[in-house]
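Undergrad: One file: work-v1.cif (mmCIF, C-alpha atoms).
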```
data_upload
#
loop_
_atom_site.group_PDB
_atom_site.id
_atom_site.type_symbol
_atom_site.label_atom_id
_atom_site.label_comp_id
_atom_site.auth_asym_id
_atom_site.auth_seq_id
_atom_site.Cartn_x
_atom_site.Cartn_y
_atom_site.Cartn_z
ATOM 1 C CA MET A 1 69.200 47.553 137.852
ATOM 2 C CA ARG A 2 68.924 50.902 139.646
ATOM 3 C CA VAL A 3 72.027 51.972 141.572
ATOM 4 C CA TYR A 4 72.716 55.099 143.577
ATOM 5 C CA VAL A 5 76.127 56.703 143.093
ATOM 6 C CA PRO A 6 77.311 59.064 145.847
ATOM 7 C CA LEU A 7 79.039 62.254 144.713
ATOM 8 C CA THR A 8 79.727 65.839 145.723
ATOM 9 C CA LEU A 9 78.683 68.891 143.710
ATOM 10 C CA PRO A 10 82.244 69.215 142.303
ATOM 11 C CA GLY A 11 82.078 65.500 141.424
ATOM 12 C CA LEU A 12 78.766 66.070 139.641
ATOM 13 C CA ALA A 13 80.274 69.030 137.759
ATOM 14 C CA GLU A 14 83.170 66.811 136.644
ATOM 15 C CA ALA A 15 80.752 64.086 135.535
ATOM 16 C CA TYR A 16 78.797 66.672 133.562
ATOM 17 C CA LYS A 17 81.971 67.891 131.826
ATOM 18 C CA THR A 18 83.272 64.396 131.005
ATOM 19 C CA GLY A 19 79.921 62.681 130.457
ATOM 20 C CA GLU A 20 80.940 59.877 132.810
ATOM 21 C CA LEU A 21 80.528 59.044 136.496
ATOM 22 C CA GLY A 22 84.179 58.190 137.041
ATOM 23 C CA ALA A 23 86.387 55.726 135.256
ATOM 24 C CA GLY A 24 85.608 52.847 137.593
ATOM 25 C CA PRO A 25 85.518 50.924 139.659
ATOM 26 C CA LEU A 26 82.650 52.881 141.171
ATOM 27 C CA VAL A 27 81.132 52.362 144.584
ATOM 28 C CA ALA A 28 77.362 52.631 144.495
ATOM 29 C CA TYR A 29 74.385 51.422 146.505
ATOM 30 C CA ALA A 30 71.519 49.201 145.430
ATOM 31 C CA VAL A 31 68.902 46.809 146.714
ATOM 32 C CA THR A 32 71.111 43.843 147.594
ATOM 33 C CA PRO A 33 70.113 40.610 149.346
ATOM 34 C CA ALA A 34 71.808 41.843 152.541
ATOM 35 C CA LEU A 35 69.895 45.142 152.388
ATOM 36 C CA ARG A 36 66.626 43.235 151.895
ATOM 37 C CA GLU A 37 67.387 41.052 154.888
ATOM 38 C CA TRP A 38 68.404 43.992 157.068
ATOM 39 C CA TYR A 39 65.411 46.157 156.112
ATOM 40 C CA LEU A 40 62.859 43.341 156.409
ATOM 41 C CA SER A 41 60.635 44.637 153.639
ATOM 42 C CA ASP A 42 59.418 43.405 150.290
ATOM 43 C CA ASP A 43 58.326 46.871 149.163
ATOM 44 C CA ILE A 44 60.771 47.798 146.394
ATOM 45 C CA GLU A 45 60.174 51.527 146.863
ATOM 46 C CA GLU A 46 61.090 51.295 150.552
ATOM 47 C CA LEU A 47 64.164 49.242 149.705
ATOM 48 C CA GLU A 48 65.289 51.698 147.025
ATOM 49 C CA TYR A 49 64.785 54.542 149.498
ATOM 50 C CA ALA A 50 67.002 52.679 151.968
ATOM 51 C CA ALA A 51 69.685 52.264 149.259
ATOM 52 C CA LEU A 52 69.390 55.977 148.414
ATOM 53 C CA ASN A 53 69.921 56.840 152.080
ATOM 54 C CA ARG A 54 72.994 54.600 152.232
ATOM 55 C CA ALA A 55 74.368 56.480 149.215
ATOM 56 C CA ALA A 56 73.542 59.803 150.904
ATOM 57 C CA LEU A 57 75.672 58.767 153.892
ATOM 58 C CA ALA A 58 78.499 57.833 151.516
ATOM 59 C CA SER A 59 78.110 61.253 149.869
ATOM 60 C CA LEU A 60 78.423 62.858 153.300
ATOM 61 C CA ARG A 61 81.745 61.029 153.697
ATOM 62 C CA LEU A 62 82.895 62.414 150.329
ATOM 63 C CA VAL A 63 81.836 65.926 151.374
ATOM 64 C CA ALA A 64 83.783 65.527 154.639
ATOM 65 C CA ALA A 65 86.897 64.475 152.706
ATOM 66 C CA ASP A 66 86.730 67.490 150.343
ATOM 67 C CA ALA A 67 87.145 70.742 152.266
ATOM 68 C CA GLY A 68 86.286 72.749 149.149
ATOM 69 C CA ALA A 69 83.018 70.967 148.364
ATOM 70 C CA VAL A 70 79.711 72.707 148.928
ATOM 71 C CA ARG A 71 78.153 71.128 152.011
ATOM 72 C CA ARG A 72 75.367 69.297 150.181
ATOM 73 C CA ARG A 73 74.985 65.572 149.644
ATOM 74 C CA VAL A 74 74.593 64.418 146.029
ATOM 75 C CA VAL A 75 73.361 61.045 144.778
ATOM 76 C CA VAL A 76 72.908 60.103 141.127
ATOM 77 C CA ALA A 77 70.358 57.383 140.376
ATOM 78 C CA VAL A 78 71.596 55.343 137.428
ATOM 79 C CA ASP A 79 70.247 52.336 135.588
ATOM 80 C CA VAL A 80 72.920 49.760 134.782
ATOM 81 C CA PRO A 81 72.601 46.309 133.208
ATOM 82 C CA ASP A 82 71.857 43.450 135.599
ATOM 83 C CA GLY A 83 75.148 41.955 136.724
ATOM 84 C CA ALA A 84 77.089 45.200 136.218
ATOM 85 C CA ALA A 85 76.819 46.040 139.922
ATOM 86 C CA VAL A 86 78.229 43.388 142.254
ATOM 87 C CA ALA A 87 78.100 43.201 146.046
ATOM 88 C CA ASP A 88 81.239 42.024 147.836
ATOM 89 C CA PRO A 89 80.278 38.640 149.340
ATOM 90 C CA ASP A 90 82.891 39.045 152.081
ATOM 91 C CA ARG A 91 81.246 42.247 153.311
ATOM 92 C CA GLY A 92 77.628 41.183 152.875
ATOM 93 C CA LEU A 93 76.867 41.101 156.599
ATOM 94 C CA ASP A 94 78.972 44.142 157.500
ATOM 95 C CA PRO A 95 76.488 46.844 158.604
ATOM 96 C CA ALA A 96 78.747 49.521 157.099
ATOM 97 C CA ALA A 97 78.517 47.847 153.675
ATOM 98 C CA LEU A 98 74.747 47.256 153.480
ATOM 99 C CA GLY A 99 73.609 47.867 149.928
ATOM 100 C CA GLU A 100 77.146 48.604 148.725
ATOM 101 C CA VAL A 101 77.982 47.432 145.211
ATOM 102 C CA ARG A 102 80.886 47.932 142.841
ATOM 103 C CA ILE A 103 80.660 48.708 139.163
ATOM 104 C CA ALA A 104 83.802 47.661 137.290
ATOM 105 C CA GLY A 105 83.813 50.361 134.626
ATOM 106 C CA GLY A 106 82.698 53.924 134.318
ATOM 107 C CA VAL A 107 79.044 54.731 133.803
ATOM 108 C CA ALA A 108 77.849 57.251 131.256
ATOM 109 C CA LEU A 109 76.018 60.164 132.847
ATOM 110 C CA ALA A 110 73.464 59.702 130.059
ATOM 111 C CA LYS A 111 72.341 56.543 131.922
ATOM 112 C CA ALA A 112 71.270 58.656 134.900
ATOM 113 C CA ALA A 113 67.582 58.595 135.729
ATOM 114 C CA ALA A 114 67.689 61.448 138.249
ATOM 115 C CA VAL A 115 69.886 63.406 140.615
ATOM 116 C CA HIS A 116 69.142 63.847 144.322
ATOM 117 C CA VAL A 117 70.680 66.853 146.099
ATOM 118 C CA ASP A 118 70.256 68.583 149.439
ATOM 119 C CA ALA A 119 68.455 71.924 149.450
ATOM 120 C CA GLY A 120 70.422 74.989 150.470
ATOM 121 C CA ASP A 121 68.852 75.005 153.942
ATOM 122 C CA ALA A 122 70.580 71.680 154.681
ATOM 123 C CA GLU A 123 74.106 73.075 154.282
ATOM 124 C CA ALA A 124 74.645 73.976 157.961
ATOM 125 C CA ASP A 125 73.482 70.542 159.155
ATOM 126 C CA VAL A 126 75.502 68.748 156.468
ATOM 127 C CA ALA A 127 78.597 70.788 157.387
ATOM 128 C CA ALA A 128 78.148 69.921 161.072
ATOM 129 C CA ALA A 129 77.593 66.246 160.201
ATOM 130 C CA ALA A 130 80.703 66.155 158.013
ATOM 131 C CA GLU A 131 82.706 67.624 160.902
ATOM 132 C CA ALA A 132 81.279 65.078 163.377
ATOM 133 C CA LEU A 133 81.757 61.956 161.230
ATOM 134 C CA GLY A 134 85.095 60.908 162.707
ATOM 135 C CA ALA A 135 83.860 61.127 166.277
ATOM 136 C CA ALA A 136 80.612 59.353 165.361
ATOM 137 C CA ASP A 137 82.590 56.543 163.747
ATOM 138 C CA GLY A 138 84.517 56.287 167.009
ATOM 139 C CA GLY A 139 81.321 55.685 168.977
ATOM 140 C CA ASP A 140 80.553 59.200 170.227
ATOM 141 C CA ASP A 141 76.759 59.304 170.671
ATOM 142 C CA ASP A 142 76.579 63.105 170.579
ATOM 143 C CA ALA A 143 78.487 63.163 167.292
ATOM 144 C CA GLN A 144 76.203 60.452 165.899
ATOM 145 C CA PHE A 145 73.227 62.641 166.808
ATOM 146 C CA VAL A 146 74.779 65.464 164.737
ATOM 147 C CA VAL A 147 75.387 63.090 161.791
ATOM 148 C CA ASP A 148 71.798 61.873 162.037
ATOM 149 C CA GLY A 149 70.701 65.515 161.824
ATOM 150 C CA ALA A 150 71.780 65.626 158.197
ATOM 151 C CA GLU A 151 69.480 62.682 157.521
ATOM 152 C CA ASP A 152 66.545 64.802 158.680
ATOM 153 C CA HIS A 153 66.862 66.620 155.359
ATOM 154 C CA GLU A 154 65.271 64.856 152.407
ATOM 155 C CA LEU A 155 67.293 64.948 149.224
ATOM 156 C CA LEU A 156 65.461 66.827 146.496
ATOM 157 C CA TRP A 157 64.794 65.148 143.145
ATOM 158 C CA TYR A 158 66.135 66.770 139.974
ATOM 159 C CA ALA A 159 65.811 65.737 136.346
ATOM 160 C CA THR A 160 69.112 65.144 134.584
ATOM 161 C CA GLN A 161 68.413 68.194 132.386
ATOM 162 C CA GLU A 162 68.801 70.315 135.537
ATOM 163 C CA ILE A 163 72.404 69.242 136.191
ATOM 164 C CA PRO A 164 73.942 72.346 134.516
ATOM 165 C CA ASN A 165 72.000 74.581 136.902
ATOM 166 C CA LEU A 166 72.903 72.442 139.929
ATOM 167 C CA VAL A 167 76.624 72.739 139.225
ATOM 168 C CA GLY A 168 76.522 76.402 138.211
ATOM 169 C CA LEU A 169 77.066 75.822 134.509
ATOM 170 C CA GLY A 170 73.534 76.684 133.394
ATOM 171 C CA ASP A 171 72.313 79.878 131.815
#
```
Would you encode the structure as structure tokens?
TA:
Amino acid sequence: MRVYVPLTLPGLAEAYKTGELGAGPLVAYAVTPALREWYLSDDIEELEYAALNRAALASLRLVAADAGAVRRRVVVAVDVPDGAAVADPDRGLDPAALGEVRIAGGVALAKAAAVHVDAGDAEADVAAAAEALGAADGGDDDAQFVVDGAEDHELLWYATQEIPNLVGLGD
């Protein structure tokens, strides 16, 4: 099963050093029954893109919570065994939890299929979105417009071999 784990660049650097995406439980995003129902599509690529975007929003929340993090969203696509990622049945219909799954244990970074990261030109919009998150969560339409501006930037795809360069540890 493909899951999308939200991180920050410092979080990715830590995962690279330790070889693991956290000790668990991990919050990730995947194509869940609730996401399928919400998105009204049978196209797996569209559904996975929706799950990736949910993880990108979660990454934005992590960026907002870490004042020292580079203002770029980071999502690691990881393949885990079926059944390893479980959706919370009590939050299945909660719009804020669409596609959200939990993985009980840590996940080896070696299981990563790819890394998705904002380009440098997204940093100003991601910084503004991170600043506006609280107001957007409170129902401020102008703040939500700013948060949505970060979503205008497509995350770039990187092979796992490029992680050292992404986190500044490459040659």
Undergrad: Rank A:Val101, A:Asp90, A:Val78, A:Ala84 by their smallest atom-to-atom distance to Thr32 in chain A, using all atoms listed in the file, and report the top residue only.
TA: A:Val101
Undergrad: Apply the PyMOL selection byres ((chain A and resi 105) around 8) to the structure shown and report the selected residues as a short mmCIF file (atom, residue, chain, number, x, y, z; two decimals) with C-alpha atoms, in the coordinates of the input.
TA:
```cif
data_model
loop_
_atom_site.label_atom_id
_atom_site.label_comp_id
_atom_site.auth_asym_id
_atom_site.auth_seq_id
_atom_site.Cartn_x
_atom_site.Cartn_y
_atom_site.Cartn_z
CA ALA A 23 86.39 55.73 135.26
CA GLY A 24 85.61 52.85 137.59
CA PRO A 25 85.52 50.92 139.66
CA LEU A 26 82.65 52.88 141.17
CA ILE A 103 80.66 48.71 139.16
CA ALA A 104 83.80 47.66 137.29
CA GLY A 106 82.70 53.92 134.32
CA VAL A 107 79.04 54.73 133.80
#
```
Undergrad: Report as a PyMOL selection string the residues that result from applying the PyMOL selection byres ((chain A and resi 55) around 8) to the structure here.
TA: chain A and resi 4-6+28-29+51-54+56-59+75
Undergrad: List every residue of range 52-112 of chain A that has an atom at most 7 Å from any atom of range 120-132 of chain A, giving for each one its closest atom pair and the distance in Å to one decimal, counting all atoms listed in the file, sorted by chain and then by ascending residue number, as a Markdown table.
TA:
```
| residue | atom | partner | partner_atom | distance |
| --- | --- | --- | --- | --- |
| A:Leu60 | CA | A:Ala130 | CA | 6.2 |
| A:Arg61 | CA | A:Ala130 | CA | 6.8 |
| A:Val63 | CA | A:Ala130 | CA | 6.7 |
| A:Ala64 | CA | A:Ala130 | CA | 4.6 |
| A:Arg71 | CA | A:Glu123 | CA | 5.0 |
| A:Arg72 | CA | A:Glu123 | CA | 5.7 |
```
Undergrad: Please put the answer as JSON: centre and edge lengths, in Å with one decimal, of a box along x, y and z that encloses all listed atoms of range 112-117 of chain A plus 3 Å on each side.
TA:
```
{"center_x": 69.4, "center_y": 62.7, "center_z": 140.5, "size_x": 9.7, "size_y": 14.3, "size_z": 17.2}
```
Undergrad: Kindly resolve the PyMOL selection byres ((chain A and resi 115) around 7) on the present coordinates and return the residues as a VMD selection string.
TA: chain A and resid 75 to 77 114 116 to 117 157 to 160
Undergrad: Could you list as a compact mmCIF listing (two decimals) with C-alpha atoms, in the frame of the given file every residue that has an atom within 12 Å of (73.0, 46.9, 128.9), using the file's coordinates and counting all atoms listed in the file?
TA:
```txt
# COMPACT_ATOMS: atom_id res chain seq x y z
CA MET A 1 69.20 47.55 137.85
CA ASP A 79 70.25 52.34 135.59
CA VAL A 80 72.92 49.76 134.78
CA PRO A 81 72.60 46.31 133.21
CA ASP A 82 71.86 43.45 135.60
CA GLY A 83 75.15 41.96 136.72
CA ALA A 84 77.09 45.20 136.22
CA ALA A 85 76.82 46.04 139.92
CA VAL A 107 79.04 54.73 133.80
CA ALA A 108 77.85 57.25 131.26
CA LYS A 111 72.34 56.54 131.92
```
Undergrad: One decimal, Å: what's the distance from CA of Pro95 in chain A over to CA of Ala65 in chain A, could you say?
TA: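 So the two atoms, CA of Pro95 in chain A and CA of Ala65 in chain A, lie 21.3 Å apart.
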Undergrad: How many Å lie between CA of Ala136 in chain A and CA of Glu100 in chain A, rounded to one decimal?
TA: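 Separating CA of Ala136 in chain A from CA of Glu100 in chain A is a distance of 20.1 Å.
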Undergrad: Suppose you want the space between CA of Asp141 in chain A and CA of Glu154 in chain A; what is it in Å?
TA: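 Distance between the two atoms: 22.3 Å.
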Undergrad: Would you pick out the contacts of Tyr16 in chain A at 10 Å or less, using all atoms listed in the file, so that residues sharing its chain but fewer than 2 positions from it are not included, and give the list as an NGL selection string?
TA: :A and (10-14 or 18-21 or 108-110 or 160 or 163-164 or 167 or 169)
Undergrad: Let me make sure I understand: among A:Leu156, A:Lys17, A:Leu7, A:Trp38, which one has the smallest atom-to-atom distance to Asp94 in chain A if we use all atoms listed in the file?
TA: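 The shortest atom-to-atom distance to Asp94 in chain A comes from A:Trp38.
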Undergrad: When you look at Leu35 in chain A with a cut-off of 9 Å (counting only C-alpha atoms), what residues show up, excluding the ones that are within fewer than 2 positions of it in the same chain? I need them as a PyMOL selection string.
TA: chain A and resi 30-33+37-40+47+50-51+92+98-100
Undergrad: I need the residue nearest Ala96 in chain A from this list: A:Asp118, A:Asp43, A:Asp66, A:Asp137. Use all atoms listed in the file for the distance.
TA: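 Of A:Asp118, A:Asp43, A:Asp66, A:Asp137, the one nearest Ala96 in chain A is A:Asp137, counting all atoms listed in the file.
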